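File shown here: input.pdb, holding PDB, C-alpha atoms.
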ATOM      1  CA  MET A 273      30.040-103.347  82.406
ATOM      2  CA  PHE A 274      30.659-106.037  85.036
ATOM      3  CA  ALA A 275      29.135-109.489  84.490
ATOM      4  CA  MET A 276      29.318-113.095  85.637
ATOM      5  CA  SER A 277      29.831-115.148  82.478
ATOM      6  CA  LEU A 278      29.747-118.860  81.594
ATOM      7  CA  ALA A 279      32.222-120.227  79.050
ATOM      8  CA  ALA A 280      31.911-123.492  77.109
ATOM      9  CA  ASP A 281      34.683-125.201  79.082
ATOM     10  CA  ARG A 282      33.471-124.185  82.555
ATOM     11  CA  ALA A 283      30.767-125.249  84.999
ATOM     12  CA  VAL A 284      31.065-122.108  87.099
ATOM     13  CA  LEU A 285      30.684-118.424  86.322
ATOM     14  CA  ALA A 286      33.665-116.098  86.078
ATOM     15  CA  PRO A 287      33.765-112.318  86.535
ATOM     16  CA  GLU A 288      34.229-110.367  83.344
ATOM     17  CA  THR A 289      34.519-106.689  82.507
ATOM     18  CA  ARG A 290      33.334-105.450  79.105
ATOM     19  CA  PRO A 291      32.439-102.125  77.548
ATOM     20  CA  ASP A 292      28.794-101.208  78.072
ATOM     21  CA  PRO A 293      26.799-102.663  75.156
ATOM     22  CA  GLU A 294      24.813-100.400  72.875
ATOM     23  CA  PRO A 295      21.177-101.185  72.068
ATOM     24  CA  GLY A 296      20.336-102.026  68.478
ATOM     25  CA  PRO A 297      17.077-101.406  66.626
ATOM     26  CA  GLY A 298      14.086-102.116  68.847
ATOM     27  CA  GLU A 299      16.268-102.692  71.910
ATOM     28  CA  ILE A 300      16.771-100.956  75.234
ATOM     29  CA  ARG A 301      19.659-100.963  77.671
ATOM     30  CA  LEU A 302      18.827-101.677  81.277
ATOM     31  CA  ARG A 303      20.931-100.609  84.218
ATOM     32  CA  VAL A 304      20.278-103.737  86.281
ATOM     33  CA  LYS A 305      19.000-103.194  89.815
ATOM     34  CA  ALA A 306      18.194-106.810  90.695
ATOM     35  CA  CYS A 307      18.236-110.223  89.017
ATOM     36  CA  GLY A 308      16.593-113.314  90.437
ATOM     37  CA  VAL A 309      18.438-116.627  90.616
ATOM     38  CA  CYS A 310      16.243-119.229  88.923
ATOM     39  CA  ARG A 311      16.572-122.999  88.787
ATOM     40  CA  THR A 312      16.688-122.656  85.002
ATOM     41  CA  ASP A 313      19.971-120.760  85.426
ATOM     42  CA  LEU A 314      21.227-123.767  87.356
ATOM     43  CA  HIS A 315      20.140-126.091  84.536
ATOM     44  CA  VAL A 316      22.127-123.930  82.083
ATOM     45  CA  VAL A 317      25.257-123.839  84.272
ATOM     46  CA  ASP A 318      25.085-127.559  85.048
ATOM     47  CA  GLY A 319      24.583-128.481  81.383
ATOM     48  CA  GLU A 320      21.132-130.011  81.925
ATOM     49  CA  LEU A 321      19.987-127.610  79.227
ATOM     50  CA  PRO A 322      22.223-127.682  76.153
ATOM     51  CA  ARG A 323      24.333-124.593  75.852
ATOM     52  CA  ARG A 324      23.012-122.557  72.950
ATOM     53  CA  ARG A 325      25.673-119.860  73.083
ATOM     54  CA  THR A 326      28.978-119.417  74.869
ATOM     55  CA  PRO A 327      30.158-117.405  76.540
ATOM     56  CA  ILE A 328      26.753-116.516  77.978
ATOM     57  CA  ILE A 329      25.653-114.297  80.842
ATOM     58  CA  PRO A 330      22.766-116.058  82.650
ATOM     59  CA  GLY A 331      19.792-114.393  84.267
ATOM     60  CA  HIS A 332      16.194-113.805  83.214
ATOM     61  CA  GLU A 333      14.413-112.302  86.228
ATOM     62  CA  VAL A 334      15.743-108.823  85.620
ATOM     63  CA  VAL A 335      14.565-105.509  87.013
ATOM     64  CA  GLY A 336      16.374-102.435  85.771
ATOM     65  CA  VAL A 337      16.135 -98.813  84.764
ATOM     66  CA  VAL A 338      16.270 -97.894  81.092
ATOM     67  CA  ASP A 339      19.351 -95.801  80.366
ATOM     68  CA  ALA A 340      19.531 -95.999  76.557
ATOM     69  CA  LEU A 341      17.117 -96.557  73.664
ATOM     70  CA  GLY A 342      17.900 -98.160  70.343
ATOM     71  CA  PRO A 343      16.527 -96.872  67.034
ATOM     72  CA  GLY A 344      12.786 -97.305  66.566
ATOM     73  CA  VAL A 345      11.860 -97.850  70.214
ATOM     74  CA  GLU A 346       8.530 -96.287  71.107
ATOM     75  CA  GLY A 347       6.498 -96.238  74.305
ATOM     76  CA  VAL A 348       9.530 -96.623  76.601
ATOM     77  CA  ALA A 349      11.380 -93.744  78.256
ATOM     78  CA  VAL A 350      14.871 -93.370  79.666
ATOM     79  CA  GLY A 351      14.573 -93.637  83.434
ATOM     80  CA  GLN A 352      11.597 -96.025  83.316
ATOM     81  CA  ARG A 353      11.735 -99.153  85.483
ATOM     82  CA  MET A 354      11.296-102.254  83.319
ATOM     83  CA  GLY A 355      11.536-106.007  83.706
ATOM     84  CA  ALA A 356      13.013-108.604  81.362
ATOM     85  CA  ALA A 357      11.840-112.224  81.660
ATOM     86  CA  TRP A 358      12.751-115.612  80.153
ATOM     87  CA  LEU A 359      11.168-115.137  76.717
ATOM     88  CA  ALA A 360      13.415-112.622  74.969
ATOM     89  CA  GLU A 361      12.160-112.718  71.372
ATOM     90  CA  THR A 362      10.072-114.737  68.933
ATOM     91  CA  CYS A 363       9.924-114.997  65.160
ATOM     92  CA  GLY A 364       6.375-113.616  64.933
ATOM     93  CA  ALA A 365       5.769-115.641  61.761
ATOM     94  CA  CYS A 366       5.455-119.332  62.657
ATOM     95  CA  ARG A 367       2.123-121.024  63.243
ATOM     96  CA  TYR A 368       2.409-120.741  67.011
ATOM     97  CA  CYS A 369       3.141-117.025  66.951
ATOM     98  CA  ARG A 370       0.272-116.426  64.542
ATOM     99  CA  GLU A 371      -2.131-118.410  66.728
ATOM    100  CA  GLY A 372      -1.301-116.609  69.979
ATOM    101  CA  GLN A 373       1.034-119.275  71.352
ATOM    102  CA  GLU A 374       4.302-117.384  71.183
ATOM    103  CA  ASN A 375       5.597-119.462  74.108
ATOM    104  CA  LEU A 376       5.847-122.335  71.611
ATOM    105  CA  CYS A 377       7.560-120.304  68.864
ATOM    106  CA  ASP A 378       9.693-122.352  66.448
ATOM    107  CA  ALA A 379      12.592-119.868  66.611
ATOM    108  CA  PRO A 380      12.539-118.192  70.025
ATOM    109  CA  GLY A 381      15.250-116.421  71.973
ATOM    110  CA  PHE A 382      15.732-116.545  75.729
ATOM    111  CA  ASN A 383      17.410-114.141  78.097
ATOM    112  CA  GLY A 384      20.292-115.857  79.838
ATOM    113  CA  TRP A 385      20.357-118.807  77.418
ATOM    114  CA  THR A 386      20.536-117.544  73.826
ATOM    115  CA  ARG A 387      20.978-113.857  74.709
ATOM    116  CA  ASP A 388      23.070-112.358  77.489
ATOM    117  CA  GLY A 389      20.979-111.958  80.606
ATOM    118  CA  GLY A 390      20.920-110.122  83.897
ATOM    119  CA  TYR A 391      23.868-111.491  85.889
ATOM    120  CA  ALA A 392      25.459-108.162  85.018
ATOM    121  CA  ASP A 393      25.140-104.496  85.859
ATOM    122  CA  THR A 394      24.001-103.727  82.291
ATOM    123  CA  MET A 395      21.798-105.697  79.899
ATOM    124  CA  ILE A 396      20.377-105.314  76.393
ATOM    125  CA  ALA A 397      16.793-106.477  75.841
ATOM    126  CA  ARG A 398      14.114-106.180  73.198
ATOM    127  CA  ALA A 399      11.815-103.373  74.250
ATOM    128  CA  ASP A 400       8.677-105.157  73.102
ATOM    129  CA  PHE A 401       9.471-108.159  75.326
ATOM    130  CA  CYS A 402       9.975-106.127  78.504
ATOM    131  CA  PHE A 403       7.357-105.257  81.108
ATOM    132  CA  PRO A 404       6.705-101.986  82.929
ATOM    133  CA  MET A 405       7.166-102.890  86.574
ATOM    134  CA  PRO A 406       4.268-102.079  88.925
ATOM    135  CA  GLU A 407       4.574 -99.758  91.869
ATOM    136  CA  GLY A 408       4.446-101.261  95.319
ATOM    137  CA  LEU A 409       7.258-103.766  94.832
ATOM    138  CA  SER A 410      10.924-103.072  95.454
ATOM    139  CA  ASP A 411      13.455-104.190  92.853
ATOM    140  CA  THR A 412      14.412-107.284  94.855
ATOM    141  CA  GLU A 413      10.750-108.135  95.483
ATOM    142  CA  ALA A 414       9.816-107.703  91.833
ATOM    143  CA  ALA A 415      12.643-109.742  90.283
ATOM    144  CA  PRO A 416      11.449-113.273  91.270
ATOM    145  CA  LEU A 417       7.990-112.540  89.880
ATOM    146  CA  LEU A 418       9.455-112.391  86.365
ATOM    147  CA  CYS A 419       9.965-116.143  86.082
ATOM    148  CA  ALA A 420       9.192-117.969  89.311
ATOM    149  CA  GLY A 421       6.018-115.945  89.598
ATOM    150  CA  LEU A 422       5.131-116.028  85.920
ATOM    151  CA  ILE A 423       5.674-119.733  85.299
ATOM    152  CA  GLY A 424       3.744-120.540  88.454
ATOM    153  CA  PHE A 425       0.920-118.318  87.253
ATOM    154  CA  ARG A 426       0.806-119.967  83.824
ATOM    155  CA  ALA A 427       0.870-123.436  85.403
ATOM    156  CA  TRP A 428      -1.891-122.414  87.829
ATOM    157  CA  ARG A 429      -4.175-121.135  85.092
ATOM    158  CA  MET A 430      -3.633-124.379  83.193
ATOM    159  CA  ALA A 431      -4.464-126.362  86.333
ATOM    160  CA  CYS A 432      -7.668-124.389  86.843
ATOM    161  CA  ARG A 433      -8.817-124.591  83.226
ATOM    162  CA  PRO A 434     -10.572-128.003  83.130
ATOM    163  CA  ARG A 435     -12.750-127.396  86.209
ATOM    164  CA  PRO A 436     -12.776-125.306  89.423
ATOM    165  CA  VAL A 437      -9.947-126.015  91.854
ATOM    166  CA  LYS A 438     -10.596-125.949  95.588
ATOM    167  CA  THR A 439      -7.652-128.092  96.734
ATOM    168  CA  LEU A 440      -4.257-127.472  95.113
ATOM    169  CA  GLY A 441      -1.024-129.365  95.707
ATOM    170  CA  LEU A 442       2.394-127.822  95.059
ATOM    171  CA  TYR A 443       5.341-130.199  94.784
ATOM    172  CA  GLY A 444       8.704-128.561  95.395
ATOM    173  CA  PHE A 445       8.235-125.540  97.624
ATOM    174  CA  GLY A 446      10.819-123.121  96.277
ATOM    175  CA  ALA A 447      10.609-119.754  94.560
ATOM    176  CA  ALA A 448       7.705-120.507  92.214
ATOM    177  CA  ALA A 449       5.587-122.406  94.726
ATOM    178  CA  HIS A 450       5.860-119.894  97.551
ATOM    179  CA  LEU A 451       4.753-117.110  95.202
ATOM    180  CA  LEU A 452       1.925-119.100  93.660
ATOM    181  CA  ALA A 453       0.687-120.266  97.060
ATOM    182  CA  GLN A 454       0.035-116.658  98.050
ATOM    183  CA  LEU A 455      -1.985-116.001  94.906
ATOM    184  CA  ALA A 456      -3.963-119.231  95.242
ATOM    185  CA  VAL A 457      -4.781-118.538  98.899
ATOM    186  CA  PHE A 458      -5.900-115.039  97.916
ATOM    187  CA  GLU A 459      -8.251-116.681  95.404
ATOM    188  CA  GLY A 460      -9.754-118.892  98.112
ATOM    189  CA  GLN A 461      -8.009-122.183  97.344
ATOM    190  CA  SER A 462      -6.693-124.580  99.978
ATOM    191  CA  VAL A 463      -3.021-125.166  99.216
ATOM    192  CA  TYR A 464      -1.039-128.260 100.219
ATOM    193  CA  ALA A 465       2.761-127.980 100.104
ATOM    194  CA  PHE A 466       4.985-130.975  99.380
ATOM    195  CA  THR A 467       8.689-130.574 100.173
ATOM    196  CA  ARG A 468      11.779-132.703 100.440
ATOM    197  CA  THR A 469      11.438-135.062 103.383
ATOM    198  CA  GLY A 470      12.467-133.324 106.578
ATOM    199  CA  ASP A 471      12.741-129.847 105.057
ATOM    200  CA  ALA A 472      11.357-128.064 108.099
ATOM    201  CA  ALA A 473      12.329-124.602 106.825
ATOM    202  CA  ALA A 474      10.386-124.964 103.564
ATOM    203  CA  GLN A 475       7.408-126.415 105.410
ATOM    204  CA  ALA A 476       7.449-123.499 107.853
ATOM    205  CA  LEU A 477       7.540-121.029 104.966
ATOM    206  CA  ALA A 478       4.589-122.842 103.368
ATOM    207  CA  ARG A 479       2.536-122.416 106.508
ATOM    208  CA  ASP A 480       3.632-118.794 106.844
ATOM    209  CA  VAL A 481       2.253-117.961 103.381
ATOM    210  CA  GLY A 482      -1.086-119.610 104.091
ATOM    211  CA  CYS A 483      -0.819-123.280 103.109
ATOM    212  CA  VAL A 484      -3.220-125.454 105.092
ATOM    213  CA  TRP A 485      -0.803-128.401 105.160
ATOM    214  CA  ALA A 486       2.897-129.037 104.530
ATOM    215  CA  GLY A 487       4.720-132.340 104.478
ATOM    216  CA  GLY A 488       7.144-134.565 102.605
ATOM    217  CA  SER A 489       6.525-135.311  98.952
ATOM    218  CA  GLU A 490       6.030-139.017  99.660
ATOM    219  CA  ALA A 491       3.156-138.330 102.082
ATOM    220  CA  PRO A 492      -0.471-138.490 100.956
ATOM    221  CA  PRO A 493      -2.401-135.235 101.421
ATOM    222  CA  PRO A 494      -5.165-135.138 104.049
ATOM    223  CA  GLU A 495      -7.768-134.985 101.268
ATOM    224  CA  PRO A 496      -7.772-135.608  97.506
ATOM    225  CA  LEU A 497      -6.430-132.778  95.372
ATOM    226  CA  ASP A 498      -8.319-131.189  92.507
ATOM    227  CA  ALA A 499      -4.993-130.303  90.881
ATOM    228  CA  ALA A 500      -1.274-130.587  91.507
ATOM    229  CA  ILE A 501       1.629-128.574  90.098
ATOM    230  CA  ILE A 502       5.153-129.992  90.128
ATOM    231  CA  PHE A 503       7.991-127.472  90.303
ATOM    232  CA  ALA A 504      10.741-129.823  91.493
ATOM    233  CA  PRO A 505      12.681-131.361  88.549
ATOM    234  CA  ILE A 506      12.020-134.894  89.757
ATOM    235  CA  GLY A 507      10.157-137.230  87.419
ATOM    236  CA  ALA A 508       9.210-139.608  90.238
ATOM    237  CA  LEU A 509       6.848-136.942  91.564
ATOM    238  CA  VAL A 510       4.524-137.404  88.558
ATOM    239  CA  PRO A 511       3.081-140.751  89.684
ATOM    240  CA  ALA A 512       3.046-139.497  93.284
ATOM    241  CA  ALA A 513       0.985-136.484  92.245
ATOM    242  CA  LEU A 514      -1.336-138.619  90.120
ATOM    243  CA  ALA A 515      -2.005-140.776  93.163
ATOM    244  CA  ALA A 516      -2.904-137.640  95.132
ATOM    245  CA  VAL A 517      -5.385-136.078  92.693
ATOM    246  CA  ARG A 518      -9.026-137.101  92.514
ATOM    247  CA  LYS A 519     -10.838-138.493  89.499
ATOM    248  CA  GLY A 520     -10.735-135.946  86.699
ATOM    249  CA  GLY A 521      -7.815-134.166  88.371
ATOM    250  CA  ILE A 522      -4.840-132.654  86.594
ATOM    251  CA  VAL A 523      -1.084-132.722  87.201
ATOM    252  CA  VAL A 524       0.896-129.863  85.657
ATOM    253  CA  CYS A 525       4.670-130.148  85.223
ATOM    254  CA  GLY A 526       6.004-126.630  85.597
ATOM    255  CA  GLY A 527       9.741-127.000  84.959
ATOM    256  CA  ILE A 528      11.806-126.684  81.789
ATOM    257  CA  HIS A 529      13.847-129.751  82.804
ATOM    258  CA  MET A 530      12.846-132.891  84.700
ATOM    259  CA  SER A 531      14.445-136.259  85.298
ATOM    260  CA  ASP A 532      12.843-139.216  83.570
ATOM    261  CA  ILE A 533       9.341-140.131  84.682
ATOM    262  CA  PRO A 534       9.311-143.744  85.903
ATOM    263  CA  SER A 535       6.744-146.218  84.651
ATOM    264  CA  PHE A 536       3.572-146.358  86.687
ATOM    265  CA  PRO A 537       0.311-148.354  86.677
ATOM    266  CA  TYR A 538      -2.296-147.201  84.215
ATOM    267  CA  ALA A 539      -4.744-147.094  87.131
ATOM    268  CA  LEU A 540      -3.060-143.876  88.313
ATOM    269  CA  LEU A 541      -3.952-142.153  85.035
ATOM    270  CA  TRP A 542      -7.341-143.736  84.497
ATOM    271  CA  GLU A 543     -10.597-142.006  85.478
ATOM    272  CA  GLU A 544      -9.743-139.028  83.271
ATOM    273  CA  ARG A 545      -6.739-137.746  85.192
ATOM    274  CA  GLN A 546      -4.402-135.619  83.071
ATOM    275  CA  VAL A 547      -0.674-134.918  82.946
ATOM    276  CA  VAL A 548       0.382-131.779  81.059
ATOM    277  CA  SER A 549       3.427-129.539  80.828
ATOM    278  CA  VAL A 550       3.928-125.794  80.754
ATOM    279  CA  ALA A 551       6.444-124.317  78.326
ATOM    280  CA  ASN A 552       7.913-120.848  78.723
ATOM    281  CA  LEU A 553       5.448-117.953  78.931
ATOM    282  CA  THR A 554       3.795-115.308  76.822
ATOM    283  CA  ARG A 555       3.943-111.564  77.112
ATOM    284  CA  GLN A 556       0.245-111.604  77.929
ATOM    285  CA  ASP A 557       1.023-113.799  80.927
ATOM    286  CA  GLY A 558       3.196-111.007  82.272
ATOM    287  CA  LEU A 559       0.659-108.282  81.571
ATOM    288  CA  ASP A 560      -1.989-110.335  83.386
ATOM    289  CA  TYR A 561       0.115-111.583  86.272
ATOM    290  CA  LEU A 562       2.072-108.592  87.530
ATOM    291  CA  PRO A 563      -0.912-106.390  88.511
ATOM    292  CA  TRP A 564      -2.753-109.482  89.800
ATOM    293  CA  ALA A 565       0.189-110.329  92.068
ATOM    294  CA  VAL A 566       0.214-106.776  93.442
ATOM    295  CA  ARG A 567      -3.537-106.926  94.144
ATOM    296  CA  ALA A 568      -3.095-110.271  95.890
ATOM    297  CA  GLY A 569      -0.279-108.939  98.065
ATOM    298  CA  VAL A 570       2.253-111.452  96.750
ATOM    299  CA  ARG A 571       5.645-110.877  98.338
ATOM    300  CA  PRO A 572       8.657-113.148  97.871
ATOM    301  CA  HIS A 573      10.792-114.361 100.729
ATOM    302  CA  VAL A 574      14.153-113.123  99.424
ATOM    303  CA  THR A 575      17.787-113.895 100.189
ATOM    304  CA  THR A 576      20.091-111.341  98.530
ATOM    305  CA  TYR A 577      23.609-111.831  97.198
ATOM    306  CA  GLY A 578      26.074-109.502  95.559
ATOM    307  CA  LEU A 579      26.459-109.987  91.816
ATOM    308  CA  ASP A 580      29.981-111.316  92.378
ATOM    309  CA  GLN A 581      28.473-113.983  94.667
ATOM    310  CA  ALA A 582      26.469-115.568  91.830
ATOM    311  CA  ASN A 583      28.276-118.919  92.099
ATOM    312  CA  GLN A 584      27.483-119.110  95.806
ATOM    313  CA  ALA A 585      23.839-118.259  95.142
ATOM    314  CA  LEU A 586      23.615-121.059  92.569
ATOM    315  CA  GLU A 587      25.270-123.541  94.921
ATOM    316  CA  ASP A 588      22.896-122.538  97.720
ATOM    317  CA  LEU A 589      19.975-123.084  95.344
ATOM    318  CA  ARG A 590      21.390-126.476  94.370
ATOM    319  CA  THR A 591      21.675-127.601  98.004
ATOM    320  CA  GLY A 592      18.489-125.976  99.311
ATOM    321  CA  ALA A 593      20.374-123.655 101.653
ATOM    322  CA  PHE A 594      17.701-120.935 101.557
ATOM    323  CA  THR A 595      13.937-120.819 101.390
ATOM    324  CA  GLY A 596      11.967-118.752  98.902
ATOM    325  CA  ALA A 597      13.945-116.922  96.231
ATOM    326  CA  ALA A 598      17.489-115.621  95.772
ATOM    327  CA  VAL A 599      18.271-112.294  94.117
ATOM    328  CA  LEU A 600      21.568-110.855  92.883
ATOM    329  CA  VAL A 601      22.131-107.139  93.450
ATOM    330  CA  PRO A 602      24.872-105.353  91.487
ATOM    331  CA  ARG A 603      27.060-102.852  93.268
ATOM    332  CA  GLU A 604      25.981 -99.259  92.815
ATOM    333  CA  GLU A 605      28.387 -97.190  90.735
ATOM    334  CA  GLY A 606      31.116 -95.734  92.896
ATOM    335  CA  SER A 607      30.580 -98.193  95.755
TER     336      SER A 607
END

For the file at hand, write its structure as structure tokens.
Amino acid sequence: MFAMSLAADRAVLAPETRPDPEPGPGEIRLRVKACGVCRTDLHVVDGELPRRRTPIIPGHEVVGVVDALGPGVEGVAVGQRMGAAWLAETCGACRYCREGQENLCDAPGFNGWTRDGGYADTMIARADFCFPMPEGLSDTEAAPLLCAGLIGFRAWRMACRPRPVKTLGLYGFGAAAHLLAQLAVFEGQSVYAFTRTGDAAAQALARDVGCVWAGGSEAPPPEPLDAAIIFAPIGALVPAALAAVRKGGIVVCGGIHMSDIPSFPYALLWEERQVVSVANLTRQDGLDYLPWAVRAGVRPHVTTYGLDQANQALEDLRTGAFTGAAVLVPREEGS
């Protein structure tokens, strides 16, 4: 097994060779075909999320082929293509699990944070937290859907819950936003993309995937928004988004980490505007989203890297060197 691993005393990943792990009860072993590079991985590497376990192999947008089954696994076959996402396990017993909110579990586990993830050519995952991957998407196309796609989908459904959304703003036009924009356009919404000032490449991508407008995050949209979703980890975007949504509008914060939100006038929140956050995901989110994304024709704009180029992929994500999503591809055996 070859992996890129993060130790407690490092801020970069190092190559590591280990014996192939064996799946335990209820687990499967995936031969990894592709693993997306998510901003959450960057938060883990940069220490913006506290390190729960070291050394740790990051990665939680994992598409692989099952090559071993642990005791007690049912409904999964060797050779089946499966996906592993951020939520790796839950306790199943706390109030949140019992009430259908497993994303808020009191004792969860996460691939690439508390369990070794997919920056490797082999990975162990709980079978009951993996998803059968739909046909019609290649491995590299499917991988970003497992977090960027899923968290965008959960944030979008939350944004649409209070009342119908016709105009939707997306702040931070990276992996999640460019996937969600395609789904929202498919559903008949007008999507407005807010990027870093002067980011012509991201604005061009936004227009390519159907956004009706793209501009800098400090610019007001051409018309009031029914809802806004913030994917960039920048707290100052919260008051900016509140100023852009109409009365009764909603602002959804879609990231796991964000810088502090600055103080802002109460007038921005008044008139029944809302600010809410999205935390993690549920397995039902995945079961709902993946076939929906296929029906909607969602396709990521992908930049691929070799697994041993993981540090470069993370640095390129940090500096905005690519548009869309990045995906690591392990070397095939014998190559």

(request) Please evaluate the PyMOL selection byres ((chain A and resi 602) around 7) against the structure above and give the resulting residues as a list in words. (result)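 So the PyMOL selection byres ((chain A and resi 602) around 7) ends up selecting Lys305, Ala306, Asp393, Gly578, Leu579, Leu600, Val601, Arg603 and Glu604 of chain A.
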
Write the selection just made, keeping C-alpha atoms, as a PDB file, in the frame of the given file?
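Output file again_11.pdb follows:
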ATOM      1  CA  LYS A 305      19.000-103.194  89.815  1.00  0.00           C
ATOM      2  CA  ALA A 306      18.194-106.810  90.695  1.00  0.00           C
ATOM      3  CA  ASP A 393      25.140-104.496  85.859  1.00  0.00           C
ATOM      4  CA  GLY A 578      26.074-109.502  95.559  1.00  0.00           C
ATOM      5  CA  LEU A 579      26.459-109.987  91.816  1.00  0.00           C
ATOM      6  CA  LEU A 600      21.568-110.855  92.883  1.00  0.00           C
ATOM      7  CA  VAL A 601      22.131-107.139  93.450  1.00  0.00           C
ATOM      8  CA  ARG A 603      27.060-102.852  93.268  1.00  0.00           C
ATOM      9  CA  GLU A 604      25.981 -99.259  92.815  1.00  0.00           C
TER      10      GLU A 604
END

(request) With only C-alpha atoms counted, which protein, DNA or RNA residues have an atom no more than 10 Å from (37.2, -110.4, 93.2) in the file frame? Please answer as a list of chain:residue names. (result)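 So the residues meeting the distance criterion are A:Ala286, A:Pro287, A:Asp580, A:Gln581.
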
(request) For the structure provided, state which residues fall under the PyMOL selection byres ((chain A and resi 377) around 12), and present them as a PyMOL selection string. (result) chain A and resi 359-376+378-382+551-554

(request) List the residues selected by the PyMOL selection byres ((chain A and resi 532) around 8) in the file shown, writing them as a list in words. (result) Ile506, Gly507, Ala508, Met530, Ser531, Ile533 and Pro534 of chain A

Deliver the residues from the most recent selection as a file, using C-alpha atoms, as a PDB file, in the coordinates of the input.
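selection-v6.pdb was written with the following content:
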ATOM      1  CA  ILE A 506      12.020-134.894  89.757  1.00  0.00           C
ATOM      2  CA  GLY A 507      10.157-137.230  87.419  1.00  0.00           C
ATOM      3  CA  ALA A 508       9.210-139.608  90.238  1.00  0.00           C
ATOM      4  CA  MET A 530      12.846-132.891  84.700  1.00  0.00           C
ATOM      5  CA  SER A 531      14.445-136.259  85.298  1.00  0.00           C
ATOM      6  CA  ILE A 533       9.341-140.131  84.682  1.00  0.00           C
ATOM      7  CA  PRO A 534       9.311-143.744  85.903  1.00  0.00           C
TER       8      PRO A 534
END

(request) Considering all atoms listed in the file, state which residue in the set A:Val517, A:Ile528, A:Ala415, A:Ile329 is at the smallest distance from Thr312 (chain A). (result) A:Ile528

(request) Give me, please, the distance in Å between CA of Ala500 (chain A) and CA of Cys310 (chain A), quoted to one decimal. (result)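 CA of Cys310 (chain A) lies 21.0 Å from CA of Ala500 (chain A).
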
(request) Identify which of the residues A:Cys525, A:Ile423, A:Ile300, A:Ala568 lies closest to Gly351 (chain A), counting only C-alpha atoms when measuring atom-to-atom distances. (result)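 Looking only at the distances to Gly351 (chain A), the closest residue turns out to be A:Ile300.
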
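CA of Leu341 (chain A) lies 6.5 Å from CA of Arg301 (chain A).
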
(request) Considering only C-alpha atoms, state which residue in the set A:Pro563, A:Gly460, A:Gly558, A:Gly331 is at the smallest distance from Ala392 (chain A). (result) A:Gly331

(request) Determine the nearest neighbour of Gly384 (chain A) from the options A:Ala356, A:Val463, A:Ala593, A:Val348, counting only C-alpha atoms. (result) A:Ala356

(request) Calculate how many Å separate CA of Trp542 (chain A) from CA of Val523 (chain A), rounding to one decimal. (result)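 Rounded to one decimal, the two atoms are 13.0 Å apart.
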
Per-residue nearest contacts region 325-348 of chain A to region 406-414 of chain A, cut-off 10 Å, using all atoms listed in the file, as JSON lines:
{"residue": "A:Glu333", "atom": "CA", "partner": "A:Ala414", "partner_atom": "CA", "distance": 8.6}
{"residue": "A:Val334", "atom": "CA", "partner": "A:Ala414", "partner_atom": "CA", "distance": 8.7}
{"residue": "A:Val335", "atom": "CA", "partner": "A:Asp411", "partner_atom": "CA", "distance": 6.1}
{"residue": "A:Gly336", "atom": "CA", "partner": "A:Asp411", "partner_atom": "CA", "distance": 7.9}

(message) Using only C-alpha atoms, can you tell me which of A:Gly470, A:Gly569, A:Gly347, A:Pro492 comes closest to Ala456 (chain A)?
(response)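 Going through A:Gly470, A:Gly569, A:Gly347, A:Pro492 one by one, the smallest distance to Ala456 (chain A) is for A:Gly569.
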
Starting from the incomplete input, reconstruct N, CA and C atoms of region 397-407 of chain A and write that as a compact mmCIF listing (two decimals), in the coordinates of the input.
# COMPACT_ATOMS: atom_id res chain seq x y z
N ALA A 397 18.01 -105.67 76.00
CA ALA A 397 16.79 -106.48 75.84
C ALA A 397 15.92 -105.87 74.77
N ARG A 398 15.11 -106.69 74.14
CA ARG A 398 14.11 -106.18 73.20
C ARG A 398 13.05 -105.43 73.96
N ALA A 399 12.77 -104.21 73.54
CA ALA A 399 11.82 -103.37 74.25
C ALA A 399 10.43 -103.99 74.28
N ASP A 400 10.03 -104.63 73.18
CA ASP A 400 8.68 -105.16 73.10
C ASP A 400 8.50 -106.47 73.86
N PHE A 401 9.58 -106.98 74.48
CA PHE A 401 9.47 -108.16 75.33
C PHE A 401 9.77 -107.83 76.78
N CYS A 402 9.79 -106.55 77.12
CA CYS A 402 9.98 -106.13 78.50
C CYS A 402 8.65 -105.64 79.09
N PHE A 403 8.59 -105.62 80.40
CA PHE A 403 7.36 -105.26 81.11
C PHE A 403 7.58 -104.02 81.98
N PRO A 404 6.67 -103.05 81.91
CA PRO A 404 6.70 -101.99 82.93
C PRO A 404 6.46 -102.61 84.30
N MET A 405 7.29 -102.27 85.27
CA MET A 405 7.17 -102.89 86.57
C MET A 405 6.20 -102.09 87.45
N PRO A 406 5.27 -102.78 88.13
CA PRO A 406 4.27 -102.08 88.92
C PRO A 406 4.86 -101.42 90.16
N GLU A 407 4.20 -100.39 90.61
CA GLU A 407 4.57 -99.76 91.87
C GLU A 407 4.21 -100.70 93.01
